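The data block below is query_3.tsv; it holds TSV, C-alpha atoms.
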```tsv
chain	number	residue	atom	x	y	z
A	1130	MET	CA	136.82	190.26	156.81
A	1131	ARG	CA	133.58	192.14	156.87
A	1132	LEU	CA	131.35	193.98	159.28
A	1133	GLY	CA	128.46	193.24	156.94
A	1134	ARG	CA	125.90	195.24	155.02
A	1135	GLU	CA	123.50	195.12	157.98
A	1136	PHE	CA	126.12	196.86	160.11
A	1137	ILE	CA	126.52	199.64	157.52
A	1138	THR	CA	122.73	200.06	157.24
A	1139	ALA	CA	122.41	200.34	161.02
A	1140	LEU	CA	125.35	202.77	161.11
A	1141	ASP	CA	123.70	204.97	158.46
A	1142	ALA	CA	120.41	205.01	160.38
A	1143	LEU	CA	122.15	205.82	163.67
A	1144	ALA	CA	124.16	208.62	162.10
A	1145	GLU	CA	121.05	210.17	160.59
A	1146	ASP	CA	119.13	209.91	163.87
A	1147	ARG	CA	121.94	211.52	165.91
A	1148	GLY	CA	123.02	214.05	163.30
A	1149	LEU	CA	126.46	212.46	162.82
A	1150	GLU	CA	128.62	212.29	159.69
A	1151	VAL	CA	128.98	208.65	158.54
A	1152	ASP	CA	132.31	209.39	156.85
A	1153	VAL	CA	133.69	210.79	160.10
A	1154	ILE	CA	132.61	207.68	162.02
A	1155	ILE	CA	134.14	205.38	159.42
A	1156	SER	CA	137.42	207.33	159.43
A	1157	THR	CA	137.53	207.11	163.21
A	1158	LEU	CA	136.76	203.40	163.03
A	1159	GLU	CA	139.52	202.82	160.46
A	1160	ALA	CA	142.04	204.54	162.73
A	1161	ALA	CA	140.92	202.45	165.72
A	1162	LEU	CA	141.10	199.21	163.71
A	1163	LEU	CA	144.62	200.13	162.57
A	1164	SER	CA	145.71	200.57	166.18
A	1165	ALA	CA	144.02	197.30	167.18
A	1166	TYR	CA	145.62	195.43	164.27
A	1167	LYS	CA	149.12	196.60	165.16
A	1168	LYS	CA	148.65	195.35	168.72
A	1169	TYR	CA	147.24	192.09	167.40
A	1170	GLN	CA	150.01	191.55	164.86
A	1171	GLN	CA	152.83	192.73	167.16
A	1172	GLY	CA	155.04	193.66	164.21
A	1173	SER	CA	156.49	196.80	162.67
A	1174	GLN	CA	154.80	196.45	159.28
A	1175	ASP	CA	153.27	199.47	157.60
A	1176	ILE	CA	149.52	198.85	157.46
A	1177	GLU	CA	146.50	200.62	156.01
A	1178	ILE	CA	142.89	199.70	156.71
A	1179	HIS	CA	139.90	200.68	154.62
A	1180	ILE	CA	136.20	200.04	155.25
A	1181	ASP	CA	134.02	199.71	152.16
A	1182	HIS	CA	130.86	201.71	152.91
A	1183	ASP	CA	128.84	199.77	150.31
A	1184	THR	CA	129.62	196.24	151.48
A	1185	GLY	CA	130.93	196.61	155.02
A	1186	ASP	CA	134.14	194.79	154.03
A	1187	ILE	CA	137.28	195.55	156.06
A	1188	ILE	CA	140.31	195.62	153.76
A	1189	VAL	CA	143.68	195.22	155.50
A	1190	ASN	CA	146.68	196.04	153.32
A	1191	GLU	CA	150.29	195.51	154.28
A	1192	LEU	CA	152.54	198.07	152.58
A	1193	ARG	CA	155.96	196.91	151.35
A	1194	LYS	CA	158.56	198.68	149.27
A	1195	VAL	CA	159.89	196.72	146.28
A	1196	VAL	CA	163.70	196.47	146.49
A	1197	ASP	CA	166.62	194.64	144.86
A	1198	GLU	CA	168.14	193.56	148.12
A	1199	LEU	CA	166.04	192.83	151.21
A	1200	LYS	CA	167.16	194.73	154.35
A	1201	ASP	CA	163.90	194.99	156.35
A	1202	SER	CA	161.67	191.94	156.03
A	1203	ASP	CA	158.74	193.73	157.73
A	1204	LYS	CA	158.64	196.68	155.32
A	1205	GLU	CA	160.32	195.49	152.12
A	1206	ILE	CA	159.83	192.84	149.45
A	1207	THR	CA	162.13	191.63	146.71
A	1208	LEU	CA	161.23	192.27	143.10
A	1209	LYS	CA	160.93	188.53	142.49
A	1210	ASP	CA	158.39	188.06	145.27
A	1211	ALA	CA	156.58	191.23	144.26
A	1212	LEU	CA	156.18	190.05	140.66
A	1213	ALA	CA	154.54	186.88	141.95
A	1214	ILE	CA	151.85	189.08	143.49
A	1215	ASP	CA	151.65	191.80	140.84
A	1216	ARG	CA	153.22	191.32	137.39
A	1217	ARG	CA	153.50	195.10	137.01
A	1218	ALA	CA	155.62	195.55	140.16
A	1219	GLU	CA	158.74	197.72	139.83
A	1220	ILE	CA	161.72	198.63	141.99
A	1221	GLY	CA	160.86	201.51	144.34
A	1222	GLN	CA	157.13	200.87	144.13
A	1223	THR	CA	155.05	200.46	147.29
A	1224	LEU	CA	153.10	197.23	147.00
A	1225	LYS	CA	149.80	196.65	148.79
A	1226	ILE	CA	149.41	193.08	150.01
A	1227	GLU	CA	145.93	192.24	151.28
A	1228	ARG	CA	145.82	190.33	154.55
A	1229	SER	CA	143.03	188.40	156.27
A	1230	PRO	CA	144.43	187.43	159.67
A	1231	ALA	CA	142.57	184.74	161.58
A	1232	ASP	CA	140.45	185.88	164.57
A	1233	PHE	CA	140.87	189.55	163.70
A	1234	GLY	CA	137.21	189.70	162.69
A	1235	ARG	CA	136.18	189.27	166.33
A	1236	ILE	CA	138.59	192.03	167.40
A	1237	ALA	CA	137.29	194.25	164.59
A	1238	ALA	CA	133.70	193.82	165.75
A	1239	GLN	CA	134.60	194.66	169.36
A	1240	THR	CA	136.60	197.70	168.21
A	1241	ALA	CA	133.71	198.90	166.05
A	1242	ARG	CA	131.32	198.70	168.99
A	1243	GLN	CA	133.70	200.62	171.27
A	1244	VAL	CA	134.42	203.31	168.67
A	1245	ILE	CA	130.77	203.93	167.84
A	1246	THR	CA	129.75	204.00	171.51
A	1247	GLN	CA	132.50	206.50	172.31
A	1248	ARG	CA	131.69	208.52	169.22
A	1249	LEU	CA	128.05	208.78	170.29
A	1250	ARG	CA	129.07	209.89	173.76
A	1251	ASP	CA	131.42	212.52	172.35
A	1252	GLU	CA	128.72	213.78	170.01
A	1253	GLU	CA	126.13	213.97	172.77
A	1254	ARG	CA	128.58	215.96	174.89
A	1255	ARG	CA	129.28	218.28	171.95
A	1256	ILE	CA	125.56	218.80	171.36
A	1257	VAL	CA	124.97	219.56	175.05
A	1258	TYR	CA	127.90	221.98	175.14
A	1259	SER	CA	126.77	223.71	171.96
A	1260	ALA	CA	123.22	224.01	173.27
A	1261	PHE	CA	124.19	225.56	176.60
A	1262	ALA	CA	127.36	227.50	175.74
A	1263	ASP	CA	125.11	230.08	174.08
A	1264	LYS	CA	122.86	230.24	177.15
A	1265	VAL	CA	125.43	231.75	179.53
A	1266	GLY	CA	123.66	234.76	180.99
A	1267	ASP	CA	120.21	233.35	180.27
A	1268	MET	CA	117.55	232.01	182.60
A	1269	VAL	CA	116.56	228.33	182.44
A	1270	ASN	CA	114.06	226.08	184.17
A	1271	GLY	CA	115.48	223.13	186.08
A	1272	THR	CA	114.31	220.37	188.39
A	1273	VAL	CA	116.11	219.73	191.65
A	1274	PHE	CA	117.54	216.20	191.55
A	1275	LYS	CA	119.80	215.67	194.57
A	1276	SER	CA	122.57	217.14	196.68
A	1277	GLU	CA	126.22	216.13	196.22
A	1278	GLY	CA	128.46	217.67	198.86
A	1279	ASP	CA	127.98	221.43	198.76
A	1280	ASN	CA	126.42	221.27	195.28
A	1281	VAL	CA	122.80	220.73	194.32
A	1282	ILE	CA	122.38	218.75	191.09
A	1283	ILE	CA	119.76	220.17	188.75
A	1284	HIS	CA	118.15	218.33	185.82
A	1285	LEU	CA	117.90	220.68	182.85
A	1286	ASN	CA	116.55	217.97	180.53
A	1287	ASP	CA	116.65	214.19	180.13
A	1288	LYS	CA	120.34	214.21	179.15
A	1289	THR	CA	121.73	217.28	180.89
A	1290	ASP	CA	122.55	217.97	184.53
A	1291	ALA	CA	124.02	221.10	186.06
A	1292	ALA	CA	125.50	222.09	189.41
A	1293	LEU	CA	124.28	224.77	191.80
A	1294	PRO	CA	127.30	225.48	194.06
A	1295	LYS	CA	126.95	226.48	197.69
A	1296	LYS	CA	127.93	230.11	197.07
A	1297	GLU	CA	125.27	230.42	194.35
A	1298	LYS	CA	122.42	229.21	196.58
A	1299	ILE	CA	119.98	231.60	198.21
A	1300	PRO	CA	120.68	231.34	201.97
A	1301	GLY	CA	117.96	229.35	203.73
A	1302	GLU	CA	116.27	228.25	200.51
A	1303	LYS	CA	115.17	224.60	200.41
A	1304	TYR	CA	116.11	222.53	197.37
A	1305	LEU	CA	113.76	219.57	197.57
A	1306	PRO	CA	114.01	216.84	194.89
A	1307	GLY	CA	111.39	217.32	192.20
A	1308	THR	CA	111.05	221.08	192.75
A	1309	VAL	CA	111.02	223.10	189.52
A	1310	MET	CA	112.87	226.42	189.80
A	1311	LYS	CA	114.40	229.13	187.63
A	1312	PHE	CA	118.18	229.45	187.44
A	1313	TYR	CA	120.78	231.74	185.90
A	1314	VAL	CA	123.35	230.00	183.66
A	1315	LEU	CA	126.60	231.21	185.17
A	1316	ASP	CA	129.19	229.19	183.24
A	1317	VAL	CA	129.59	226.34	180.74
A	1318	LYS	CA	132.94	224.57	180.39
A	1319	GLN	CA	133.89	221.66	178.15
A	1320	GLN	CA	135.66	218.91	180.10
A	1321	ALA	CA	136.85	215.39	179.34
A	1322	ARG	CA	133.80	213.85	181.01
A	1323	GLY	CA	131.43	216.25	179.30
A	1324	PRO	CA	130.22	219.83	179.73
A	1325	LYS	CA	130.21	221.30	183.24
A	1326	ILE	CA	127.25	223.67	183.62
A	1327	THR	CA	127.19	225.97	186.65
A	1328	LEU	CA	123.97	227.65	187.75
A	1329	SER	CA	123.17	230.48	190.15
A	1330	ARG	CA	120.20	231.63	192.21
A	1331	THR	CA	121.95	234.73	193.60
A	1332	HIS	CA	123.36	236.39	190.46
A	1333	PRO	CA	121.85	239.81	189.59
A	1334	GLY	CA	121.27	238.47	186.08
A	1335	LEU	CA	118.55	236.13	187.37
A	1336	LEU	CA	116.59	239.08	188.75
A	1337	LYS	CA	117.11	240.95	185.47
A	1338	ASN	CA	115.77	238.00	183.45
A	1339	LEU	CA	112.77	237.61	185.75
A	1340	MET	CA	111.91	241.30	185.41
A	1341	GLU	CA	112.18	241.07	181.64
A	1342	LEU	CA	109.81	238.09	181.76
A	1343	GLU	CA	107.20	239.79	183.95
A	1344	ILE	CA	107.42	243.42	182.77
A	1345	PRO	CA	106.63	244.05	179.07
A	1346	GLU	CA	108.01	247.59	179.17
A	1347	ILE	CA	111.47	246.20	179.96
A	1348	GLN	CA	111.18	243.57	177.21
A	1349	GLN	CA	110.22	246.30	174.73
A	1350	GLY	CA	113.10	248.57	175.77
A	1351	ILE	CA	110.82	251.34	177.02
A	1352	ILE	CA	112.34	250.94	180.49
A	1353	GLU	CA	116.09	250.29	180.81
A	1354	ILE	CA	117.69	248.55	183.77
A	1355	LYS	CA	120.82	250.51	184.72
A	1356	ASN	CA	122.10	248.38	187.60
A	1357	ILE	CA	121.09	245.57	189.97
A	1358	VAL	CA	122.55	244.59	193.35
A	1359	ARG	CA	121.33	241.72	195.50
A	1360	ASP	CA	121.56	240.05	198.87
A	1361	GLY	CA	120.13	236.80	197.53
A	1362	GLY	CA	116.77	235.90	199.08
A	1363	ALA	CA	116.71	238.99	201.33
A	1364	ARG	CA	116.79	242.27	199.43
A	1365	ALA	CA	117.67	243.70	196.05
A	1366	LYS	CA	117.81	247.15	194.49
A	1367	VAL	CA	117.18	247.80	190.81
A	1368	SER	CA	117.81	251.19	189.22
A	1369	LEU	CA	115.75	252.08	186.17
A	1370	VAL	CA	115.40	254.85	183.63
A	1371	THR	CA	112.45	255.34	181.30
A	1372	LEU	CA	112.99	256.19	177.64
A	1373	ASP	CA	109.37	257.36	177.37
A	1374	PRO	CA	108.42	260.31	179.59
A	1375	ASN	CA	104.82	259.08	179.59
A	1376	VAL	CA	105.79	255.80	181.28
A	1377	ASP	CA	106.34	255.68	185.03
A	1378	PRO	CA	109.09	253.06	185.54
A	1379	VAL	CA	108.23	252.44	189.17
A	1380	GLY	CA	104.54	251.99	188.50
A	1381	ALA	CA	105.20	249.77	185.47
A	1382	CYS	CA	107.50	247.49	187.45
A	1383	VAL	CA	105.27	247.26	190.50
A	1384	GLY	CA	102.12	246.63	188.47
A	1385	ASN	CA	98.48	246.76	189.55
A	1386	GLY	CA	98.29	245.82	193.19
A	1387	GLY	CA	101.99	244.99	193.09
A	1388	LEU	CA	101.34	241.84	191.02
A	1389	ARG	CA	104.36	242.17	188.72
A	1390	ILE	CA	106.99	242.71	191.37
A	1391	LYS	CA	105.36	240.10	193.61
A	1392	ALA	CA	105.74	237.50	190.85
A	1393	VAL	CA	109.44	238.35	190.61
A	1394	SER	CA	109.85	238.29	194.39
A	1395	THR	CA	108.06	234.93	194.75
A	1396	ALA	CA	110.44	233.32	192.25
A	1397	LEU	CA	113.33	234.42	194.50
A	1398	LYS	CA	112.13	233.08	197.87
A	1399	GLY	CA	110.28	236.29	198.72
A	1400	GLU	CA	113.26	238.56	198.09
A	1401	LYS	CA	112.32	242.21	198.64
A	1402	VAL	CA	112.96	244.25	195.48
A	1403	ASP	CA	113.39	248.03	195.75
A	1404	ILE	CA	112.72	249.91	192.51
A	1405	VAL	CA	115.04	252.93	192.27
A	1406	LEU	CA	114.89	255.80	189.78
A	1407	TYR	CA	118.29	256.30	188.15
A	1408	SER	CA	119.69	259.85	187.95
A	1409	THR	CA	122.80	261.26	186.34
A	1410	ASP	CA	123.08	263.49	189.44
A	1411	PRO	CA	124.88	261.23	191.93
A	1412	LEU	CA	123.38	262.95	194.97
A	1413	VAL	CA	119.84	262.48	193.65
A	1414	TYR	CA	120.72	258.89	192.72
A	1415	ILE	CA	121.95	258.20	196.27
A	1416	ARG	CA	118.76	259.70	197.75
A	1417	ASN	CA	116.66	257.43	195.50
A	1418	ALA	CA	118.83	254.39	196.23
A	1419	LEU	CA	118.23	254.67	199.98
A	1420	SER	CA	114.48	254.11	199.53
A	1421	PRO	CA	112.22	253.22	201.23
A	1422	ALA	CA	113.80	255.63	203.74
A	1423	GLN	CA	112.93	259.31	203.40
A	1424	ILE	CA	116.14	261.34	203.03
A	1425	ALA	CA	116.31	264.97	204.16
A	1426	ARG	CA	119.37	265.83	202.07
A	1427	VAL	CA	122.56	264.36	200.61
A	1428	GLU	CA	125.88	266.18	200.67
A	1429	PRO	CA	129.24	265.20	199.19
A	1430	VAL	CA	132.29	264.89	201.44
A	1431	LEU	CA	134.60	267.36	199.74
A	1432	ASP	CA	137.93	265.87	200.79
A	1433	GLN	CA	136.94	262.26	199.98
A	1434	GLU	CA	136.34	261.04	196.42
A	1435	ARG	CA	132.88	259.54	195.68
A	1436	THR	CA	131.80	259.80	199.30
A	1437	ALA	CA	128.56	261.35	200.53
A	1438	VAL	CA	126.59	261.84	203.73
A	1439	ALA	CA	122.84	261.24	203.69
A	1440	TYR	CA	121.02	263.15	206.42
A	1441	VAL	CA	117.80	261.66	207.76
A	1442	ASN	CA	115.32	262.54	210.46
A	1443	PRO	CA	115.70	260.40	213.59
A	1444	ASP	CA	112.56	258.38	212.83
A	1445	GLN	CA	114.08	257.36	209.45
A	1446	LEU	CA	117.54	256.48	210.74
A	1447	SER	CA	117.07	252.74	211.27
A	1448	LEU	CA	115.19	252.40	207.96
A	1449	ALA	CA	117.96	254.19	206.05
A	1450	ILE	CA	120.64	251.98	207.56
A	1451	GLY	CA	118.61	248.78	207.34
A	1452	LYS	CA	118.98	245.51	209.18
A	1453	ASN	CA	122.70	244.85	209.74
A	1454	GLY	CA	123.40	247.87	207.49
A	1455	GLN	CA	121.85	246.13	204.48
A	1456	ASN	CA	119.96	249.11	203.02
A	1457	VAL	CA	122.87	251.55	203.02
A	1458	ARG	CA	125.29	248.83	201.88
A	1459	LEU	CA	123.15	247.95	198.84
A	1460	ALA	CA	122.61	251.63	198.04
A	1461	ALA	CA	126.38	252.15	198.05
A	1462	LYS	CA	126.90	249.16	195.71
A	1463	LEU	CA	124.14	250.35	193.41
A	1464	THR	CA	125.49	253.91	193.05
A	1465	GLY	CA	129.20	253.19	193.34
A	1466	TRP	CA	129.55	255.78	196.12
A	1467	LYS	CA	130.52	255.35	199.74
A	1468	VAL	CA	127.46	256.46	201.71
A	1469	ASN	CA	127.36	257.48	205.36
A	1470	ILE	CA	124.11	258.03	207.26
A	1471	SER	CA	123.79	260.86	209.73
A	1472	PRO	CA	120.76	262.08	211.73
A	1473	VAL	CA	119.54	265.62	211.20
A	1474	GLU	CA	120.08	267.79	214.25
A	1475	PRO	CA	116.73	269.15	215.55
A	1476	ASP	CA	116.12	272.90	215.06
A	1477	ARG	CA	116.51	274.95	218.24
A	1478	MET	CA	117.11	278.54	219.34
A	1479	PRO	CA	120.79	279.36	220.00
A	1480	THR	CA	121.75	279.67	223.67
A	1481	LEU	CA	124.06	282.25	225.27
A	1482	LYS	CA	126.70	279.52	225.38
A	1483	ASP	CA	126.41	279.11	221.60
A	1484	ILE	CA	126.63	282.89	221.01
A	1485	PHE	CA	129.56	283.45	223.37
A	1486	SER	CA	131.26	280.07	222.79
A	1487	ASP	CA	134.67	281.74	222.42
A	1488	VAL	CA	134.29	283.40	225.84
A	1489	PHE	CA	133.33	280.15	227.53
A	1490	HIS	CA	136.19	278.41	225.78
A	1491	ASP	CA	138.72	281.01	226.97
A	1492	LYS	CA	137.55	280.67	230.56
A	1493	GLN	CA	138.03	276.92	230.40
```
Using structure tokens, write down the structure from this file.
Amino acid sequence: MRLGREFITALDALAEDRGLEVDVIISTLEAALLSAYKKYQQGSQDIEIHIDHDTGDIIVNELRKVVDELKDSDKEITLKDALAIDRRAEIGQTLKIERSPADFGRIAAQTARQVITQRLRDEERRIVYSAFADKVGDMVNGTVFKSEGDNVIIHLNDKTDAALPKKEKIPGEKYLPGTVMKFYVLDVKQQARGPKITLSRTHPGLLKNLMELEIPEIQQGIIEIKNIVRDGGARAKVSLVTLDPNVDPVGACVGNGGLRIKAVSTALKGEKVDIVLYSTDPLVYIRNALSPAQIARVEPVLDQERTAVAYVNPDQLSLAIGKNGQNVRLAAKLTGWKVNISPVEPDRMPTLKDIFSDVFHDKQ
């Protein structure tokens, strides 16, 4: 039986084009043909199959042990019968008897097609996995393809799709087919049906990558991002420290006319990004984190660990708290402290009741 020289030539060309090892494909094909042959033959014989890479010939050998007395007709052969095949046969030797079963050529061709097709699929999956496993934590461009249940399917390239789960979507953002967007590679897992790539639009890493893209001082390491917290699509806070005293981190990130931070915000559905100066003094850090509100003072709560009260003038109270408590909540996440907001009591002259409070109290 033979697959033919043309088959081998085509196999070599395919392997070179796809970056596959021909020897690996042939070994896989030999194993598949062995399994197919055993089903075809429906016997218990010991078989080996070899494919000649030069000619494309399929060599099927039945292995039989040479014995004096025959006990297993499927796996043994008498010395007399063995000598008729090979004059050098000896007792105890394993004799290879070449077989050419009728109709097995058709089965071999079908098996070869199935094996190579599956091998190509496996290799493509491996290549995709290898390409994206190293991109976890990176930003990628993708094209919205369609929605499947709670997931949005994103085309990353001609051969690779990824999923954007519901919890990783920016609330209220529209994912229209054909729209090109930037995504954060959250996870890559190898599965039986191929790699499963999970993307995110809400992860702080996406904002970090966008800022690195738009702000050269961050790329160059002059400005270091200490922490990022986000309410995806609504508001984010980024704390920064400059490693060069001559560089203003806030000014560098905002850019002329706010162009740099606007570019970042636009890529995130208009998400408001607060730039916060990092400080090793937690009370100063909390004051900075509550921007854009103006904070009168910050005091620690002595009997509560990592808890502080930020005092603000009445006209700054709603700004410090933020809509639905968003500003103070994000500031707390950014600094790692529990932060309470309290209005500053207006200055006033003490009254007689204040001075003699103990007297009034005793009378009551």
Please return, as a ChimeraX atom specification, all polymer residues that have at least one atom within 6 Å of the point (109.2, 255.6, 173.8); use only C-alpha atoms and the file's own coordinate frame. /A:1351,1372-1373
Given the choices A:Leu1249, A:Val1309, A:Ala1213, A:Ile1282, which gets closest to Ile1154 (chain A) if the distance is worked out from only C-alpha atoms?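 Smallest distance to Ile1154 (chain A) is found for A:Leu1249.
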Work out how far apart CA of Arg1364 (chain A) and CA of Arg1389 (chain A) are and give it in Å to one decimal. 16.4 Å
Can you work out the spacing between CA of Phe1261 (chain A) and CA of Ala1392 (chain A) in Å, to one decimal?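 According to the coordinates, CA of Phe1261 (chain A) and CA of Ala1392 (chain A) are separated by 26.2 Å.
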Can you tell me, as number ranges by chain, what residues are no more than 6 Å from Lys1204 (chain A) when counting only C-alpha atoms, ignoring any on the same chain fewer than 2 positions away? A: 1174, 1193, 1201-1202
What does the structure give for the distance between CA of Val1468 (chain A) and CA of Asp1444 (chain A), in Å to one decimal?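 Value for the CA of Val1468 (chain A)-CA of Asp1444 (chain A) distance: 18.7 Å.
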Identify which of the residues A:Arg1416, A:Arg1435, A:Lys1462, A:Lys1318 lies closest to Ile1357 (chain A), counting only C-alpha atoms when measuring atom-to-atom distances.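 Distance minimum relative to Ile1357 (chain A) lands on A:Lys1462.
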Out of A:Pro1324, A:Asn1286, A:Gly1399, A:Val1430, which residue has the shortest atom-to-atom distance to Glu1252 (chain A) when counting only C-alpha atoms?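 Selected residue with least distance to Glu1252 (chain A): A:Pro1324.
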Which residue is closest to Thr1308 (chain A)? Choose from A:Val1273, A:Leu1369, A:Leu1140, A:Ile1470 and count only C-alpha atoms.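 Once distances to Thr1308 (chain A) are computed over only C-alpha atoms, the minimum belongs to A:Val1273.
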Which one is closest to Ile1299 (chain A): A:Asp1152, A:Asp1146, A:Asp1267, A:Glu1400? Count all atoms listed in the file.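 The closest residue to Ile1299 (chain A) is A:Glu1400.
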Surrounding residues of Ala1292 (chain A) excluding itself and chain neighbours under 5 positions, 12 Å, only C-alpha atoms, as a ChimeraX atom specification: /A:1271-1285,1297-1298,1312-1318,1324-1330
Export of the given selection (C-alpha atoms) as an mmCIF file, in the coordinates of the input:
```cif
data_model
loop_
_atom_site.group_PDB
_atom_site.id
_atom_site.type_symbol
_atom_site.label_atom_id
_atom_site.label_comp_id
_atom_site.auth_asym_id
_atom_site.auth_seq_id
_atom_site.Cartn_x
_atom_site.Cartn_y
_atom_site.Cartn_z
ATOM 1 C CA GLY A 1271 115.480 223.130 186.080
ATOM 2 C CA THR A 1272 114.310 220.370 188.390
ATOM 3 C CA VAL A 1273 116.110 219.730 191.650
ATOM 4 C CA PHE A 1274 117.540 216.200 191.550
ATOM 5 C CA LYS A 1275 119.800 215.670 194.570
ATOM 6 C CA SER A 1276 122.570 217.140 196.680
ATOM 7 C CA GLU A 1277 126.220 216.130 196.220
ATOM 8 C CA GLY A 1278 128.460 217.670 198.860
ATOM 9 C CA ASP A 1279 127.980 221.430 198.760
ATOM 10 C CA ASN A 1280 126.420 221.270 195.280
ATOM 11 C CA VAL A 1281 122.800 220.730 194.320
ATOM 12 C CA ILE A 1282 122.380 218.750 191.090
ATOM 13 C CA ILE A 1283 119.760 220.170 188.750
ATOM 14 C CA HIS A 1284 118.150 218.330 185.820
ATOM 15 C CA LEU A 1285 117.900 220.680 182.850
ATOM 16 C CA GLU A 1297 125.270 230.420 194.350
ATOM 17 C CA LYS A 1298 122.420 229.210 196.580
ATOM 18 C CA PHE A 1312 118.180 229.450 187.440
ATOM 19 C CA TYR A 1313 120.780 231.740 185.900
ATOM 20 C CA VAL A 1314 123.350 230.000 183.660
ATOM 21 C CA LEU A 1315 126.600 231.210 185.170
ATOM 22 C CA ASP A 1316 129.190 229.190 183.240
ATOM 23 C CA VAL A 1317 129.590 226.340 180.740
ATOM 24 C CA LYS A 1318 132.940 224.570 180.390
ATOM 25 C CA PRO A 1324 130.220 219.830 179.730
ATOM 26 C CA LYS A 1325 130.210 221.300 183.240
ATOM 27 C CA ILE A 1326 127.250 223.670 183.620
ATOM 28 C CA THR A 1327 127.190 225.970 186.650
ATOM 29 C CA LEU A 1328 123.970 227.650 187.750
ATOM 30 C CA SER A 1329 123.170 230.480 190.150
ATOM 31 C CA ARG A 1330 120.200 231.630 192.210
#
```
Contacts of Glu1159 (chain A) at 12 Å (all atoms listed in the file; same-chain gap of 5+ positions) as an NGL selection string: :A and (1152-1154 or 1164-1166 or 1176-1182 or 1185-1189 or 1237-1238 or 1240-1241 or 1244-1245)
Would you kindly return, as a ChimeraX atom specification, each protein, DNA or RNA residue with an atom no farther than 10 Å from any atom of region 1402-1412 of chain A, considering all atoms listed in the file and excluding same-chain residues fewer than 3 positions away? /A:1336,1353-1359,1362-1371,1377-1380,1382-1383,1390-1391,1393-1394,1397,1399,1415-1421,1426-1429,1435-1439,1456,1460,1463-1466
So that I can see what lies close to Leu1199 (chain A), please list as a VMD selection string the residues with an atom at most 12 Å from it, counting all atoms listed in the file and leaving out residues fewer than 5 positions away in the same chain. chain A and resid 1193 to 1194 1204 to 1211 1220
Minimum-distance residue to Ser1259 (chain A), chosen among A:Gln1319, A:Asn1190, A:Gln1170, A:Gln1247 (using only C-alpha atoms):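 That would be A:Gln1319, the residue with the smallest distance to Ser1259 (chain A).
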